[in-house]
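Okay, protein04.txt is below, compact mmCIF, C-alpha atoms and all ligand atoms:
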```txt
# COMPACT_ATOMS: atom_id res chain seq x y z
CA MET A 12 0.00 0.00 0.00
CA MET A 13 1.24 3.48 -0.88
CA GLU A 14 2.29 5.76 1.96
CA ASN A 15 1.59 9.44 2.35
CA ILE A 16 4.17 11.10 4.58
CA VAL A 17 3.19 14.50 5.94
CA ASN A 18 5.68 16.77 7.73
CA ILE A 19 4.35 19.47 9.98
CA ARG A 20 6.39 22.01 11.93
CA ILE A 21 4.38 23.00 14.99
CA THR A 22 6.81 25.41 16.62
CA ASN A 23 9.94 27.39 15.86
CA LYS A 24 10.98 27.45 19.54
CA CYS A 25 13.72 25.19 20.88
CA ASN A 26 15.33 24.54 24.27
CA ASN A 27 18.69 23.53 22.76
CA ASP A 28 20.93 25.76 20.66
CA CYS A 29 22.76 23.33 18.39
CA MET A 30 25.88 24.51 16.58
CA PHE A 31 24.83 22.86 13.32
CA CYS A 32 21.19 24.03 13.39
CA LEU A 33 20.08 25.53 10.06
CA GLU A 34 16.92 27.01 11.55
CA GLN A 35 18.28 29.75 13.80
CA SER A 36 16.66 32.43 11.65
CA LEU A 37 13.23 30.86 12.26
CA ARG A 38 13.44 31.10 16.08
CA VAL A 39 12.00 34.61 16.14
CA LYS A 40 9.11 33.79 13.84
CA PRO A 41 5.72 33.15 15.50
CA ASP A 42 4.24 29.65 15.36
CA LEU A 43 1.26 28.86 13.12
CA SER A 44 -2.09 29.09 14.91
CA MET A 45 -3.85 25.90 16.01
CA GLU A 46 -6.45 26.47 13.29
CA ASN A 47 -3.81 26.71 10.56
CA LEU A 48 -2.02 23.61 11.84
CA LYS A 49 -5.29 21.63 11.87
CA ASN A 50 -6.12 22.80 8.35
CA ASN A 51 -2.70 21.66 7.09
CA ILE A 52 -3.01 18.26 8.80
CA LYS A 53 -6.47 17.82 7.27
CA LYS A 54 -5.54 19.08 3.80
CA LYS A 55 -2.54 16.77 3.47
CA PHE A 56 -4.37 13.61 4.60
CA LYS A 57 -5.11 11.15 1.76
CA LYS A 58 -8.06 8.82 2.10
CA THR A 59 -6.96 5.77 0.09
CA VAL A 60 -3.40 5.30 1.37
CA LYS A 61 -1.53 4.83 4.68
CA ASN A 62 -0.82 8.20 6.28
CA GLU A 63 2.15 9.02 8.48
CA LEU A 64 2.40 12.37 10.23
CA ILE A 65 5.82 13.64 11.26
CA ILE A 66 5.67 16.37 13.88
CA THR A 67 8.75 18.59 13.96
CA GLY A 68 9.94 21.94 15.28
CA GLY A 69 12.02 23.52 16.85
CA ASN A 70 11.12 21.30 19.73
CA PRO A 71 7.43 20.33 19.31
CA ILE A 72 6.91 19.75 23.05
CA LEU A 73 7.32 23.52 23.55
CA ASN A 74 4.02 24.09 21.76
CA LYS A 75 1.23 24.10 24.33
CA ASN A 76 -1.13 22.50 21.79
CA VAL A 77 1.05 19.48 21.02
CA LEU A 78 -1.26 16.96 22.72
CA LYS A 79 -4.33 18.43 20.99
CA ILE A 80 -2.51 18.19 17.64
CA ILE A 81 -1.67 14.52 18.22
CA ASP A 82 -5.26 13.87 19.27
CA PHE A 83 -6.66 15.63 16.21
CA SER A 84 -4.33 13.70 13.87
CA ARG A 85 -5.28 10.37 15.43
CA GLU A 86 -8.94 11.14 14.97
CA MET A 87 -8.31 12.17 11.35
CA GLY A 88 -7.04 8.63 10.77
CA TYR A 89 -3.27 9.01 10.58
CA ASN A 90 -1.87 5.48 10.96
CA LYS A 91 1.49 6.57 12.33
CA ILE A 92 2.36 9.72 14.26
CA ARG A 93 6.08 10.34 14.75
CA ILE A 94 7.51 13.19 16.79
CA ILE A 95 11.08 14.38 16.20
CA PHE A 96 12.83 16.23 19.02
CA ASN A 97 15.92 16.44 21.20
CA GLY A 98 14.55 14.47 24.19
CA ASN A 99 15.07 17.49 26.45
CA PHE A 100 11.99 18.04 28.65
CA LYS A 101 13.40 21.12 30.45
CA LYS A 102 10.92 23.99 29.87
CA ALA A 103 8.59 21.51 28.10
CA LEU A 104 4.85 22.13 28.38
CA ILE A 105 4.08 18.42 28.74
CA SER A 106 5.62 15.52 30.67
CA ARG A 107 7.08 12.28 29.36
CA GLU A 108 4.04 10.43 30.76
CA GLU A 109 1.64 12.71 28.89
CA LEU A 110 3.53 12.23 25.62
CA LEU A 111 3.50 8.46 26.07
CA ASP A 112 -0.27 8.46 26.70
CA SER A 113 -1.00 10.78 23.78
CA GLY A 114 -1.20 8.05 21.13
CA ILE A 115 2.12 8.88 19.51
CA THR A 116 3.47 5.79 17.69
CA ASP A 117 7.11 6.63 16.96
CA ILE A 118 9.79 8.96 18.32
CA THR A 119 13.00 10.16 16.70
CA PHE A 120 15.42 11.61 19.24
CA LEU A 121 18.24 13.87 18.16
CA GLY A 122 21.35 12.32 19.73
CA HIS A 123 24.76 13.43 18.58
CA SER A 124 27.17 11.67 20.90
CA CYS A 125 27.36 9.07 23.62
CA ARG A 126 29.65 11.41 25.56
CA GLN A 127 27.98 14.01 27.73
CA ASP A 128 30.64 16.71 27.12
CA ILE A 129 30.46 16.44 23.33
CA HIS A 130 26.67 16.12 23.14
CA ASP A 131 26.14 19.14 25.42
CA LYS A 132 28.72 21.19 23.53
CA LEU A 133 27.11 20.39 20.17
CA CYS A 134 23.65 21.15 21.57
CA GLY A 135 24.74 24.40 23.26
CA GLU A 136 22.88 23.39 26.43
CA SER A 137 24.37 21.79 29.50
CA GLY A 138 22.24 18.92 30.81
CA SER A 139 20.78 18.10 27.38
CA PHE A 140 22.60 14.73 27.29
CA SER A 141 21.22 13.57 30.66
CA GLU A 142 17.73 14.68 29.54
CA LEU A 143 18.11 12.65 26.33
CA ILE A 144 19.24 9.55 28.22
CA LYS A 145 16.32 9.92 30.67
CA SER A 146 13.94 10.08 27.72
CA ILE A 147 15.46 7.06 25.98
CA LYS A 148 15.18 5.06 29.23
CA PHE A 149 11.60 6.18 29.76
CA PHE A 150 10.27 5.47 26.25
CA SER A 151 12.42 2.42 25.44
CA GLN A 152 10.40 -0.82 25.05
CA LYS A 153 7.18 1.21 25.10
CA ILE A 154 7.41 2.92 21.71
CA ASP A 155 9.50 2.61 18.49
CA LEU A 156 12.59 4.77 18.93
CA ARG A 157 14.99 6.07 16.34
CA ILE A 158 18.08 8.25 16.81
CA CYS A 159 19.05 11.03 14.40
CA VAL A 160 22.78 11.88 14.50
CA ASN A 161 24.19 15.05 12.97
CA VAL A 162 27.66 13.96 11.80
CA ASN A 163 30.34 16.63 12.05
CA GLY A 164 33.92 17.39 13.06
CA LEU A 165 33.24 17.01 16.79
CA ASN A 166 31.75 13.52 16.62
CA ILE A 167 32.94 11.78 13.45
CA LYS A 168 35.73 9.87 15.16
CA GLN A 169 33.26 8.50 17.72
CA LEU A 170 30.62 7.51 15.17
CA PRO A 171 31.12 3.73 15.57
CA ASN A 172 30.97 4.17 19.40
CA ILE A 173 27.88 6.37 19.16
CA VAL A 174 26.04 3.74 17.15
CA ASP A 175 27.25 0.95 19.39
CA GLY A 176 26.27 2.91 22.52
CA PHE A 177 22.76 3.65 21.31
CA ILE A 178 22.23 0.07 20.09
CA LYS A 179 23.06 -1.04 23.65
CA ARG A 180 20.30 1.30 24.78
CA ASN A 181 17.89 -0.63 22.61
CA ILE A 182 17.77 1.69 19.59
CA LYS A 183 16.83 -0.21 16.42
CA ALA A 184 17.04 2.50 13.73
CA PHE A 185 19.13 5.56 12.89
CA ASP A 186 19.02 8.63 10.68
CA PHE A 187 22.34 10.29 9.88
CA LEU A 188 22.59 13.83 8.64
CA ASN A 189 25.82 15.36 7.42
CA TYR A 190 27.16 18.80 8.39
CA PHE A 191 26.11 21.37 5.79
CA PRO A 192 28.37 24.44 5.47
CA VAL A 193 25.81 27.25 5.52
CA GLU A 194 24.43 29.96 7.82
CA ARG A 195 25.55 30.02 11.48
CA ALA A 196 26.87 26.44 11.29
CA TYR A 197 29.51 27.75 8.89
CA ASP A 198 29.80 31.41 9.94
CA LYS A 199 30.32 30.72 13.64
CA PHE A 200 31.13 27.06 14.17
CA ASP A 201 32.94 25.82 11.09
CA GLU A 202 36.18 25.31 13.03
CA TYR A 203 34.41 22.67 15.17
CA LEU A 204 32.00 21.19 12.65
CA PHE A 205 34.02 20.95 9.46
CA TYR A 206 35.73 17.65 8.78
CA ASN A 207 37.52 16.06 5.89
CA ILE A 208 35.20 13.22 4.89
CA GLU A 209 37.82 11.34 2.87
CA ASP A 210 40.20 11.23 5.85
CA ASN A 211 37.42 9.70 7.95
CA PHE A 212 36.34 7.05 5.44
CA ASP A 213 37.30 4.25 7.85
CA TYR A 214 35.02 5.58 10.61
CA PHE A 215 32.08 5.38 8.22
CA GLN A 216 33.05 1.87 7.16
CA ARG A 217 33.27 0.72 10.80
CA THR A 218 29.89 2.28 11.50
CA PHE A 219 28.30 0.47 8.52
CA GLU A 220 29.82 -2.78 9.74
CA ILE A 221 28.27 -2.39 13.21
CA LEU A 222 24.89 -1.50 11.74
CA GLN A 223 24.97 -4.50 9.43
CA LYS A 224 26.14 -6.90 12.13
CA ASN A 225 23.26 -5.87 14.39
CA SER A 226 20.65 -5.75 11.58
CA ILE A 227 19.95 -2.10 12.34
CA LYS A 228 18.10 0.04 9.79
CA SER A 229 19.67 3.35 8.82
CA TRP A 230 19.06 6.28 6.49
CA TRP A 231 21.88 8.57 5.35
CA ASN A 232 21.31 12.11 4.14
CA ARG A 233 23.62 14.71 2.65
CA PHE A 234 26.70 12.47 2.47
CA PRO A 235 28.89 12.13 -0.62
CA GLU A 236 28.15 8.74 -2.14
CA TYR A 237 31.74 7.41 -2.14
CA ILE A 238 31.53 6.70 1.62
CA PHE A 239 29.14 3.82 0.80
CA GLU A 240 31.76 1.68 -0.93
CA ASN A 241 31.12 -1.97 0.11
CA TYR A 242 27.72 -0.91 1.52
CA GLU A 243 26.08 0.42 -1.67
CA PHE A 244 22.65 -0.74 -0.43
CA LEU A 245 22.79 2.15 2.09
CA MET A 246 23.07 4.81 -0.62
CA PRO A 247 20.04 7.12 -0.63
CA ARG A 248 17.77 6.83 -3.67
CA LYS A 249 18.97 9.12 -6.42
CA GLU A 250 15.74 11.15 -6.32
CA ASN A 251 16.67 12.15 -2.73
CA ILE A 252 18.96 14.82 -4.05
CA ARG A 253 15.85 16.54 -5.41
CA ASN A 254 14.10 16.26 -2.05
CA GLU A 255 17.10 17.83 -0.33
CA ILE A 256 16.61 21.06 -2.26
CA THR A 257 13.23 22.35 -1.20
CA GLY A 258 11.77 25.44 0.46
CA ASP A 259 14.24 28.26 1.06
CA GLU A 260 17.12 26.40 -0.57
CA TYR A 261 15.09 25.82 -3.73
CA LYS A 262 14.26 29.53 -3.89
CA MET A 263 17.90 30.45 -3.30
CA PHE A 264 19.12 28.15 -6.11
CA GLU A 265 16.43 29.44 -8.48
CA SER A 266 17.24 33.06 -7.74
CA CYS A 267 20.97 32.36 -8.33
CA LEU A 268 20.14 30.91 -11.74
CA LYS A 269 17.88 33.83 -12.60
CA ASN A 270 20.40 36.46 -11.51
CA LYS A 271 23.36 34.55 -12.91
CA THR A 272 25.07 34.43 -9.51
CA LYS A 273 26.41 31.55 -7.42
CA PRO A 274 25.22 30.50 -3.94
CA VAL A 275 26.99 32.17 -1.03
CA CYS A 276 28.40 28.75 -0.08
CA PHE A 277 29.97 28.17 -3.52
CA GLY A 278 33.64 27.56 -2.87
CA ARG A 279 32.99 25.44 0.26
CA CYS A 280 31.96 22.55 -1.94
CA ARG A 281 34.88 20.17 -1.57
CA PHE A 282 33.10 17.84 0.85
CA CYS A 283 29.52 18.83 0.14
CA PHE A 284 27.17 16.14 -1.18
CA LEU A 285 25.99 18.59 -3.86
CA LYS A 286 29.48 19.21 -5.24
CA ASN A 287 28.92 17.66 -8.69
CA PHE A 288 25.38 18.97 -8.92
CA CYS A 289 26.32 22.57 -8.11
CA THR A 290 29.45 22.53 -10.25
CA GLN A 291 27.39 21.56 -13.26
CA LEU A 292 24.47 23.81 -12.44
CA PHE A 293 26.40 27.00 -11.75
CA THR A 294 29.35 26.71 -14.06
CA LYS A 295 27.34 25.05 -16.84
CA LYS A 296 30.48 23.17 -17.77
CA PHE A 297 29.31 20.44 -20.04
CA ALA A 298 31.08 18.59 -22.81
CA ARG A 299 30.26 19.89 -26.27
CA LYS A 300 30.34 16.59 -28.08
CA GLN A 301 28.39 13.41 -27.52
CA PHE A 302 30.55 10.81 -25.78
CA ASP A 303 29.90 7.21 -24.99
CA ASN A 304 29.03 7.60 -21.30
CA LYS A 305 31.52 5.02 -20.02
CA PRO A 306 34.54 5.56 -17.78
CA VAL A 307 37.96 4.68 -19.13
CA CYS A 308 38.23 1.57 -16.93
CA GLN A 309 35.19 0.23 -18.78
CA GLY A 310 36.51 0.96 -22.23
CA GLY A 311 34.93 4.42 -22.70
CA LYS A 312 36.22 7.98 -22.82
CA GLY A 313 35.08 8.94 -19.32
CA LYS A 314 33.26 12.07 -20.45
CA PHE A 315 29.81 13.58 -19.87
CA ASP A 316 26.86 13.47 -22.17
CA THR A 317 25.99 16.80 -23.88
CA THR A 318 23.58 17.96 -21.19
CA GLN A 319 23.29 21.62 -22.03
CA ASN A 320 22.05 20.88 -25.52
CA HIS A 321 19.25 18.81 -24.06
CA ILE A 322 17.92 21.57 -21.82
CA LYS A 323 15.59 23.82 -23.79
CA GLU A 324 15.01 26.29 -21.00
CA PHE A 325 17.66 26.33 -18.27
CA THR A 326 15.47 26.17 -15.15
CA LEU A 327 16.25 24.32 -11.93
CA ASP A 328 13.50 21.77 -12.60
CA ASN A 329 14.67 21.09 -16.15
CA PHE A 330 18.25 20.77 -14.96
CA PHE A 331 17.20 18.29 -12.27
CA ASP A 332 15.50 16.10 -14.89
CA VAL A 333 18.58 15.94 -17.08
CA TYR A 334 20.98 15.62 -14.16
CA LEU A 335 19.14 12.63 -12.68
CA LYS A 336 18.86 10.97 -16.09
CA ASN A 337 22.26 11.63 -17.63
CA ASN A 338 24.73 13.31 -15.35
CA TYR A 339 24.43 11.91 -11.84
CA ARG A 340 27.75 10.10 -11.86
CA LEU A 341 29.97 8.90 -9.09
CA LYS A 342 33.57 8.14 -8.46
CA GLY A 343 35.04 6.09 -5.66
CA ILE A 344 37.86 6.71 -3.23
CA ARG A 345 39.72 4.16 -5.39
CA CYS A 346 39.64 6.64 -8.33
CA LYS A 347 42.27 8.71 -6.51
CA PHE A 348 44.76 5.99 -7.49
CA CYS A 349 43.80 6.10 -11.16
CA ARG A 350 45.78 8.08 -13.71
CA TYR A 351 42.52 9.14 -15.38
CA ASP A 352 41.11 10.60 -12.16
CA LYS A 353 41.49 14.23 -13.24
CA PHE A 354 39.29 14.10 -16.30
CA CYS A 355 37.17 10.96 -15.91
CA SER A 356 33.63 11.72 -14.77
CA GLY A 357 32.90 8.27 -13.36
CA ILE A 358 29.96 5.87 -13.54
CA PHE A 359 26.21 6.48 -13.48
CA ILE A 360 24.75 6.29 -10.01
CA ASP A 361 22.33 3.51 -11.07
CA ASP A 362 25.22 1.30 -12.21
CA VAL A 363 27.08 1.89 -8.96
CA ARG A 364 24.03 0.90 -6.99
CA ASP A 365 23.62 -2.28 -9.08
CA LYS A 366 27.22 -3.41 -9.45
CA GLY A 367 29.06 -1.51 -6.70
CA PHE A 368 32.12 0.71 -6.64
CA LYS A 369 34.29 -2.34 -7.23
CA GLN A 370 33.61 -2.17 -10.96
CA MET A 371 35.85 0.95 -11.04
CA ILE A 372 39.33 -0.38 -11.62
CA PRO A 373 42.10 2.21 -11.22
CA MET A 374 44.44 2.18 -14.23
S1 LIG B 1 28.05 22.17 -3.41
FE1 LIG B 1 26.40 23.71 -3.61
S2 LIG B 1 25.28 23.64 -1.70
FE2 LIG B 1 27.24 22.59 -1.37
S3 LIG B 1 28.60 24.13 -0.54
FE3 LIG B 1 28.87 24.12 -2.75
S4 LIG B 1 27.44 25.66 -3.57
FE4 LIG B 1 26.83 25.22 -1.46
S1 LIG B 2 38.89 3.97 -11.83
FE1 LIG B 2 37.64 5.82 -11.57
S2 LIG B 2 38.84 7.45 -12.56
FE2 LIG B 2 39.70 5.51 -13.27
S3 LIG B 2 38.64 5.17 -15.18
FE3 LIG B 2 37.50 4.06 -13.58
S4 LIG B 2 35.88 5.49 -12.93
FE4 LIG B 2 37.42 6.67 -14.07
```
Turn this file's structure into C-alpha cells for me.
Amino acid sequence: MMENIVNIRITNKCNNDCMFCLEQSLRVKPDLSMENLKNNIKKKFKKTVKNELIITGGNPILNKNVLKIIDFSREMGYNKIRIIFNGNFKKALISREELLDSGITDITFLGHSCRQDIHDKLCGESGSFSELIKSIKFFSQKIDLRICVNVNGLNIKQLPNIVDGFIKRNIKAFDFLNYFPVERAYDKFDEYLFYNIEDNFDYFQRTFEILQKNSIKSWWNRFPEYIFENYEFLMPRKENIRNEITGDEYKMFESCLKNKTKPVCFGRCRFCFLKNFCTQLFTKKFARKQFDNKPVCQGGKGKFDTTQNHIKEFTLDNFFDVYLKNNYRLKGIRCKFCRYDKFCSGIFIDDVRDKGFKQMIPM
C-alpha cells in the first residue's frame, strides 16, 4: 500500500541551541495558529493510502497544543504519528508520561554523541545529554525509537561508538545527517564542525559494519556517495537529491540561476554532497560533443553526455531532470589511485548501486 508522509512544523521554539542548526533564523518567527495547523493536517491527509504524520519543530513539546494536535491527527485517521525532538523536557509544556499516553506511535530523538561533554557542547545546552538519556530510558520498550545523529567534526571519530552505545540502549534505527556548510553552522562554528570526509572514510566503514552486524536500519542524508563503498545498499535513492533542495534552498538556487550568480556557499563545496550537482548547475560546464558515457576503466572515454544541448530552457526543474537521467555520476575513493582521475567523470549512479564501486578499476 502506498504511503503518504506529511511533515508538519508545529513550533519554531527550541530549548537547545545546536551549533549545526540551520533554523536559527526561524526562532524569532511566531508559530502557526492551532487552526492553521489543523487545516494543514487535514488538507494533506489522503483517504486511500496509509498516512504518516511527522511532527517537527524547533522542539514540538514547547508548543502548548502538542497533545491536541496529536489527538486531532489520530482522529483524522493518521496510521502513524512520529515526533522528532531532542529528548530534552526542560521547559517543556508536557511531561514524558503525557507524551507516552498521547497516542504517539514513533519517536526520533536527536542524539549526537554518547559522551555528555560532546553532546552538550554540540547542543549548546548543558544537561541536554542527561535529559536525552532519561527520555530514551523512559520510552524504550514502550514505543518505536529512532536516533538522528548530525555527523560533524566534533563527533565523526566516535561515530562507531555512538552507534554501538545507542544500540546497547535498545535503539533499532538511525538517521544520519551530514554537516552542511551554511548559515551560522559555517559562519560561527565551522572550526568545530568541518571535517575532511575522505580522511574519515574508515570511521564510516566501521559504523556500517556495526549497523549490518546488528541488523539495524539506517538512512543517510547529505553524504557524498563514495563513503558507501562496500555498503552500496545504504546509498540514498537518487531522487533524494531533489528532495534535499526544497523550500528556502530551492528559492535560493532558483534566484541564483535567474540572476546569474552563485550560492553564497559556492567555494565550500569540496566535501559537500551537492558538489557535482552545483558545479554543473552553476558553471554550466558540459562537454560539447556526444561521448559514450563510459569511464575509461570500462573501455569508454570517461566524459559527460551533452547535457546543455538537451535543456531547452535552463530552469532548476529542467536541470534536475537531465541531471538525474544523464549526469548523476559517481567516483570512488579508489579513483584517486587512477591516472585518469582528473578528467574521468565516473559511472552512473544507477550502475554503482547495481554493481558496486568495485567495478571501477584504477588504471
Ligand atoms: S556544493 Fe552547492 S550547496 Fe554545497 S557548498 Fe557548494 S554551492 Fe553550497
Ligand atoms: S577507476 Fe575511476 S577514474 Fe579511473 S577510469 Fe575508472 S571510474 Fe574513471
Within 9 Å of ligand LIG 2 (chain B) (all atoms listed in the file), residues as a VMD selection string: chain A and resid 305 to 313 341 to 358 368 370 to 374
Excluding A:Lys249 and any residue of its chain fewer than 6 positions from it, enumerate the residues within 10 Å of it, using all atoms listed in the file, and give them as a PDB file with C-alpha atoms, in the coordinates of the input.
```pdb
ATOM      1  CA  LEU A 335      19.140  12.630 -12.680  1.00  0.00           C
ATOM      2  CA  LYS A 336      18.860  10.970 -16.090  1.00  0.00           C
ATOM      3  CA  TYR A 339      24.430  11.910 -11.840  1.00  0.00           C
ATOM      4  CA  ILE A 360      24.750   6.290 -10.010  1.00  0.00           C
ATOM      5  CA  ASP A 361      22.330   3.510 -11.070  1.00  0.00           C
ATOM      6  CA  ARG A 364      24.030   0.900  -6.990  1.00  0.00           C
TER       7      ARG A 364
END
```
Just checking: using all atoms listed in the file, which residue out of A:Phe187, A:Phe120, A:Phe288, A:Phe244 ends up closest to ligand LIG 1 (chain B)?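 With all atoms listed in the file as the atom set, the closest residue is A:Phe288.
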Taking all atoms listed in the file into account, which residues have an atom no farther than 12 Å from ligand LIG 1 (chain B)? I'd like them as a VMD selection string. chain A and resid 189 to 194 197 205 233 to 235 252 255 to 256 260 to 261 263 to 264 267 272 to 294
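Checking A:Lys366, A:Lys262, A:Lys58, A:Arg195 one by one against A:Glu34, counting all atoms listed in the file, you find the shortest gap at A:Arg195.
With only C-alpha atoms as the atoms that count, the residue of A:Val160, A:Ile19, A:Leu133, A:Met30 with the shortest distance to A:Val77 is A:Ile19.
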Separation of atom CA of A:Leu64 from atom CA of A:Leu78, in Å and rounded to one decimal: 13.8 Å
Using all atoms listed in the file, pick whichever of A:Ile154, A:Asn166, A:Leu204, A:Asp28 has the shortest atom-to-atom distance to A:Asp128.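 Going through A:Ile154, A:Asn166, A:Leu204, A:Asp28 one by one, the smallest distance to A:Asp128 is for A:Asn166.
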From the list A:Ile94, A:Ile80, A:Val17, A:Ile72, which residue is nearest A:Asn47 when using all atoms listed in the file?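 Of the candidates, the smallest distance to A:Asn47 is held by A:Ile80.
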Considering only C-alpha atoms, return as a ChimeraX atom specification whatever protein or nucleic-acid residues lie within 12 Å of A:Glu86, sequence-local ones (same chain, fewer than 5 positions apart) excluded. /A:49,52-53,56,79-81,91-92,113-114
Shell around A:Leu222 at 12 Å using only C-alpha atoms, local window under 6 positions removed, as an mmCIF file with C-alpha atoms, keeping the file's coordinate frame:
```
data_model
loop_
_atom_site.group_PDB
_atom_site.id
_atom_site.type_symbol
_atom_site.label_atom_id
_atom_site.label_comp_id
_atom_site.auth_asym_id
_atom_site.auth_seq_id
_atom_site.Cartn_x
_atom_site.Cartn_y
_atom_site.Cartn_z
ATOM 1 C CA LEU A 170 30.620 7.510 15.170
ATOM 2 C CA PRO A 171 31.120 3.730 15.570
ATOM 3 C CA ASN A 172 30.970 4.170 19.400
ATOM 4 C CA ILE A 173 27.880 6.370 19.160
ATOM 5 C CA VAL A 174 26.040 3.740 17.150
ATOM 6 C CA ASP A 175 27.250 0.950 19.390
ATOM 7 C CA GLY A 176 26.270 2.910 22.520
ATOM 8 C CA PHE A 177 22.760 3.650 21.310
ATOM 9 C CA ILE A 178 22.230 0.070 20.090
ATOM 10 C CA ILE A 182 17.770 1.690 19.590
ATOM 11 C CA LYS A 183 16.830 -0.210 16.420
ATOM 12 C CA ALA A 184 17.040 2.500 13.730
ATOM 13 C CA PHE A 185 19.130 5.560 12.890
ATOM 14 C CA ASP A 186 19.020 8.630 10.680
ATOM 15 C CA PHE A 215 32.080 5.380 8.220
ATOM 16 C CA GLN A 216 33.050 1.870 7.160
ATOM 17 C CA LYS A 228 18.100 0.040 9.790
ATOM 18 C CA SER A 229 19.670 3.350 8.820
ATOM 19 C CA TRP A 230 19.060 6.280 6.490
ATOM 20 C CA TYR A 242 27.720 -0.910 1.520
ATOM 21 C CA LEU A 245 22.790 2.150 2.090
#
```
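In this comparison, which uses only C-alpha atoms, the residue of A:Pro247, A:Gly122, A:Gly69, A:Gly164 approaching A:Phe140 most closely is A:Gly122.
Note that atom CA of A:Asn207 and atom CA of A:Cys134 are 21.5 Å apart.
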Give me, as number ranges by chain, all polymer residues having an atom no more than 7 Å from A:Thr119, counting all atoms listed in the file and skipping those fewer than 2 positions away in the same chain. A: 94-96, 117, 121, 156-159
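Reported to one decimal place, the separation of atom CA of A:Val363 from atom CA of A:Phe212 is 17.9 Å.
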Could you give me the axis-aligned bounding box of stretch 255-269 of chain A, with 4 Å of padding per side, as centre plus edge lengths in Å to one decimal, as AutoDock Vina command-line options?
```
--center_x 16.4 --center_y 25.8 --center_z -5.8 --size_x 17.2 --size_y 24.0 --size_z 21.7
```
Env of A:Gly138: 9 Å cut, atoms = only C-alpha atoms, seq-sep filter 6 positions within chain, self excluded. Answer as a ChimeraX atom specification. /A:99,127,131
Residue subset to file, keeping C-alpha atoms, as a PDB file, keeping the file's coordinate frame:
```
ATOM      1  CA  ASN A  99      15.070  17.490  26.450  1.00  0.00           C
ATOM      2  CA  GLN A 127      27.980  14.010  27.730  1.00  0.00           C
ATOM      3  CA  ASP A 131      26.140  19.140  25.420  1.00  0.00           C
TER       4      ASP A 131
END
```
